[in-house]
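Q: Below is the structure I would like to discuss, written out as structure tokens.
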Amino acid sequence: MTEQQQNEIFNSWLKQHRAILFKIVKAYAFNHQDQEDIFQEMAVQIWRSVPKFRNNCAVTTWMYRIALNTALKWSVRERKHQNGREGLEHTAYILTEQSDFKDERLEWLYEQIARLDKVDRSLCLLMLDGFSYKEMSKIVGISESYVGVRINRIKKHLTQQSEKVS
């Protein structure tokens with residue numbers, strides 16, 4: 001594969017599926033600078049993976065797996081360095097795809113997702129994008145039945161949290 005072909009495939013994937021990356025970025029990074037950093041790392045990892053893609057799964061599954069793994073590694077690395085530095089921004093900036101429209105319910109949901117542990121956060125994002133339990137198990141690396149257990153717990157937790165707000 002030539003670099004030009006790799007770039008064309010990457011640009012096509014990014015154009016069609018960038019919402020996947022935005023969702024993951026929102027769930028793992030909470031200020032503008034970190035969101036830009038994690039997005040850039042995800043994009044680089046996806047670009048590097050283009051020649052390795054063998055069409056044995058959907059492009060969205062492939063991108064999700066790479067983006068989630070990148071986000072998980074990034075958050076572990078950031079947590080190690082967090083103790084010695086202060087944030088440069090005092091307000092949370094939420095990365096938006098194209099629109100300035102803000103839905104309070106969506107904002108609440110992202111806040112709740114951000115409070116989940118890493119695996120549950122990943123599963124929640126995958127569930128919201130309509131992935132099957134089988135696909136989720138492959139992406140996250142847990143059994144299909146355990147995916148179901150975790151998702152039921154997530155739903156119960158989110159329901160309880162929403163009742164507190166109401």
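Each chain in the structure tokens gets a letter, A, B, ..., in the order shown, and its residues are numbered from 1; ligands are numbered from 1 in order too.
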Which residues are close to A:Ser122, i.e. within 9 Å by only C-alpha atoms, leaving aside same-chain residues fewer than 2 positions away? Reply as a PyMOL selection string.

A: chain A and resi 24+27+68+113+117-120+124-127+136+140

Q: Let's have the selection written as an mmCIF file, in the first residue's frame, with N, CA, C and O atoms.

A:
data_model
loop_
_atom_site.group_PDB
_atom_site.id
_atom_site.type_symbol
_atom_site.label_atom_id
_atom_site.label_comp_id
_atom_site.auth_asym_id
_atom_site.auth_seq_id
_atom_site.Cartn_x
_atom_site.Cartn_y
_atom_site.Cartn_z
ATOM 1 N N ILE A 24 -15.645 9.149 22.101
ATOM 2 C CA ILE A 24 -14.629 8.583 22.984
ATOM 3 C C ILE A 24 -13.808 9.691 23.626
ATOM 4 O O ILE A 24 -13.499 9.642 24.816
ATOM 5 N N ALA A 27 -15.582 11.165 26.510
ATOM 6 C CA ALA A 27 -15.691 10.272 27.666
ATOM 7 C C ALA A 27 -14.372 10.129 28.429
ATOM 8 O O ALA A 27 -14.382 9.767 29.600
ATOM 9 N N LEU A 68 -10.495 3.243 21.500
ATOM 10 C CA LEU A 68 -10.656 2.916 22.920
ATOM 11 C C LEU A 68 -9.329 2.512 23.550
ATOM 12 O O LEU A 68 -9.016 2.939 24.662
ATOM 13 N N ILE A 113 -21.411 9.102 32.096
ATOM 14 C CA ILE A 113 -20.510 8.160 31.436
ATOM 15 C C ILE A 113 -19.082 8.385 31.909
ATOM 16 O O ILE A 113 -18.337 7.441 32.165
ATOM 17 N N ASP A 117 -16.268 3.415 35.378
ATOM 18 C CA ASP A 117 -14.896 2.922 35.219
ATOM 19 C C ASP A 117 -14.613 2.721 33.724
ATOM 20 O O ASP A 117 -15.518 2.812 32.897
ATOM 21 N N LYS A 118 -13.370 2.457 33.396
ATOM 22 C CA LYS A 118 -12.943 2.432 31.999
ATOM 23 C C LYS A 118 -13.726 1.440 31.146
ATOM 24 O O LYS A 118 -14.145 1.768 30.040
ATOM 25 N N VAL A 119 -13.899 0.236 31.638
ATOM 26 C CA VAL A 119 -14.591 -0.789 30.853
ATOM 27 C C VAL A 119 -16.057 -0.411 30.660
ATOM 28 O O VAL A 119 -16.578 -0.478 29.546
ATOM 29 N N ASP A 120 -16.716 0.012 31.735
ATOM 30 C CA ASP A 120 -18.119 0.397 31.633
ATOM 31 C C ASP A 120 -18.290 1.604 30.720
ATOM 32 O O ASP A 120 -19.257 1.695 29.954
ATOM 33 N N CYS A 124 -20.545 1.481 27.444
ATOM 34 C CA CYS A 124 -21.647 2.431 27.315
ATOM 35 C C CYS A 124 -21.587 3.139 25.962
ATOM 36 O O CYS A 124 -22.599 3.244 25.268
ATOM 37 N N LEU A 125 -20.419 3.575 25.576
ATOM 38 C CA LEU A 125 -20.267 4.240 24.284
ATOM 39 C C LEU A 125 -20.590 3.286 23.137
ATOM 40 O O LEU A 125 -21.270 3.665 22.181
ATOM 41 N N LEU A 126 -20.115 2.069 23.235
ATOM 42 C CA LEU A 126 -20.392 1.078 22.195
ATOM 43 C C LEU A 126 -21.889 0.775 22.116
ATOM 44 O O LEU A 126 -22.456 0.659 21.029
ATOM 45 N N MET A 127 -22.530 0.654 23.270
ATOM 46 C CA MET A 127 -23.959 0.385 23.325
ATOM 47 C C MET A 127 -24.738 1.525 22.667
ATOM 48 O O MET A 127 -25.659 1.290 21.876
ATOM 49 N N MET A 136 -18.998 -5.907 20.859
ATOM 50 C CA MET A 136 -18.459 -5.258 22.063
ATOM 51 C C MET A 136 -17.447 -6.163 22.749
ATOM 52 O O MET A 136 -16.405 -5.695 23.208
ATOM 53 N N VAL A 140 -13.668 -4.849 23.451
ATOM 54 C CA VAL A 140 -13.240 -4.605 24.831
ATOM 55 C C VAL A 140 -12.396 -5.755 25.374
ATOM 56 O O VAL A 140 -11.552 -5.554 26.248
#

Q: Mind checking which residues fall within 12 Å of A:Glu8, counting only C-alpha atoms, ignoring those fewer than 6 positions away in the same chain, and posting them as a list in words?

A: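 Within the cut-off, the hits are Met1, Thr2, Leu14, Lys15, Trp47, Val50 and Pro51 of chain A.
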
Q: Create the file for the chosen residues now, containing N, CA, C and O atoms and written as a PDB file, in the first residue's frame.

A:
ATOM      1  N   MET A   1       0.852  -1.175   0.000  1.00  0.00           N
ATOM      2  CA  MET A   1       0.000   0.000   0.000  1.00  0.00           C
ATOM      3  C   MET A   1       0.896   1.236   0.000  1.00  0.00           C
ATOM      4  O   MET A   1       1.802   1.354   0.805  1.00  0.00           O
ATOM      5  N   THR A   2       0.598   2.154  -0.885  1.00  0.00           N
ATOM      6  CA  THR A   2       1.374   3.390  -0.938  1.00  0.00           C
ATOM      7  C   THR A   2       0.883   4.334   0.150  1.00  0.00           C
ATOM      8  O   THR A   2      -0.226   4.187   0.681  1.00  0.00           O
ATOM      9  N   LEU A  14     -11.978   8.812   8.457  1.00  0.00           N
ATOM     10  CA  LEU A  14     -12.137   9.917   9.407  1.00  0.00           C
ATOM     11  C   LEU A  14     -13.367  10.759   9.060  1.00  0.00           C
ATOM     12  O   LEU A  14     -14.125  11.153   9.948  1.00  0.00           O
ATOM     13  N   LYS A  15     -13.565  11.003   7.790  1.00  0.00           N
ATOM     14  CA  LYS A  15     -14.718  11.799   7.362  1.00  0.00           C
ATOM     15  C   LYS A  15     -16.029  11.083   7.696  1.00  0.00           C
ATOM     16  O   LYS A  15     -16.959  11.697   8.194  1.00  0.00           O
ATOM     17  N   TRP A  47      -4.357   5.989  11.578  1.00  0.00           N
ATOM     18  CA  TRP A  47      -3.593   6.133  10.330  1.00  0.00           C
ATOM     19  C   TRP A  47      -2.562   5.004  10.218  1.00  0.00           C
ATOM     20  O   TRP A  47      -2.421   4.396   9.169  1.00  0.00           O
ATOM     21  N   VAL A  50      -4.097   1.530   9.170  1.00  0.00           N
ATOM     22  CA  VAL A  50      -4.750   1.342   7.871  1.00  0.00           C
ATOM     23  C   VAL A  50      -4.152   0.168   7.080  1.00  0.00           C
ATOM     24  O   VAL A  50      -4.897  -0.689   6.609  1.00  0.00           O
ATOM     25  N   PRO A  51      -2.831   0.053   6.960  1.00  0.00           N
ATOM     26  CA  PRO A  51      -2.288  -1.076   6.191  1.00  0.00           C
ATOM     27  C   PRO A  51      -2.558  -2.444   6.832  1.00  0.00           C
ATOM     28  O   PRO A  51      -2.540  -3.467   6.144  1.00  0.00           O
TER      29      PRO A  51
END

Q: Excluding A:Glu111 and its own-chain neighbours fewer than 4 positions away, which residues fall within 10 Å of it when counting only C-alpha atoms? Please give them as a PyMOL selection string.

A: chain A and resi 26-27+30+105-107+115-116

Q: Could you write out the selected residues, including C-alpha atoms, as a short mmCIF file (atom, residue, chain, number, x, y, z; two decimals), in the first residue's frame?

A:
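What follows is the written file result.cif:
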data_model
loop_
_atom_site.label_atom_id
_atom_site.label_comp_id
_atom_site.auth_asym_id
_atom_site.auth_seq_id
_atom_site.Cartn_x
_atom_site.Cartn_y
_atom_site.Cartn_z
CA LYS A 26 -15.62 13.31 25.42
CA ALA A 27 -15.69 10.27 27.67
CA PHE A 30 -12.26 16.70 30.12
CA ARG A 105 -29.82 15.62 28.70
CA LEU A 106 -26.87 14.71 26.49
CA GLU A 107 -24.53 16.76 28.67
CA ARG A 115 -17.89 8.78 36.09
CA LEU A 116 -18.00 5.11 35.07
#

Q: In chain A, what's alpha helix (DSSP H) per DSSP? Answer as a PyMOL selection string?

A: chain A and resi 3-28+32-49+59-82+104-115+118-128+133-140+144-165

Q: List the neighbours of A:Glu41 out to 9 Å using only C-alpha atoms; skip same-chain residues closer than 2 positions along the sequence, and give me the result as a list in words.

A: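 My reading of the contact set: Glu36, Asp37, Ile38, Phe39, Ala43, Val44, Gln45, Ile46, Ala67, Thr70, Ala71 and Trp74 of chain A.
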
Q: I need the residues from that last selection saved to file as a short mmCIF file (atom, residue, chain, number, x, y, z; two decimals), in the first residue's frame (with C-alpha atoms), if you can.

A:
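The result, written out as again-v8.cif:
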data_model
loop_
_atom_site.label_atom_id
_atom_site.label_comp_id
_atom_site.auth_asym_id
_atom_site.auth_seq_id
_atom_site.Cartn_x
_atom_site.Cartn_y
_atom_site.Cartn_z
CA GLU A 36 -7.01 17.76 21.34
CA ASP A 37 -4.12 15.54 22.51
CA ILE A 38 -6.18 12.38 22.73
CA PHE A 39 -7.90 13.04 19.40
CA ALA A 43 -5.92 9.75 14.59
CA VAL A 44 -2.24 8.78 14.43
CA GLN A 45 -2.96 5.25 15.66
CA ILE A 46 -5.77 4.81 13.16
CA ALA A 67 -9.62 4.57 19.65
CA THR A 70 -5.59 4.62 22.69
CA ALA A 71 -7.91 6.40 25.15
CA TRP A 74 -3.66 7.82 27.31
#

Q: Could you check which of A:Tyr110, A:Tyr28, A:Phe22, A:Phe10 is closest to A:Val59, using only C-alpha atoms?

A: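 Under the stated criterion, the closest residue is A:Phe10.
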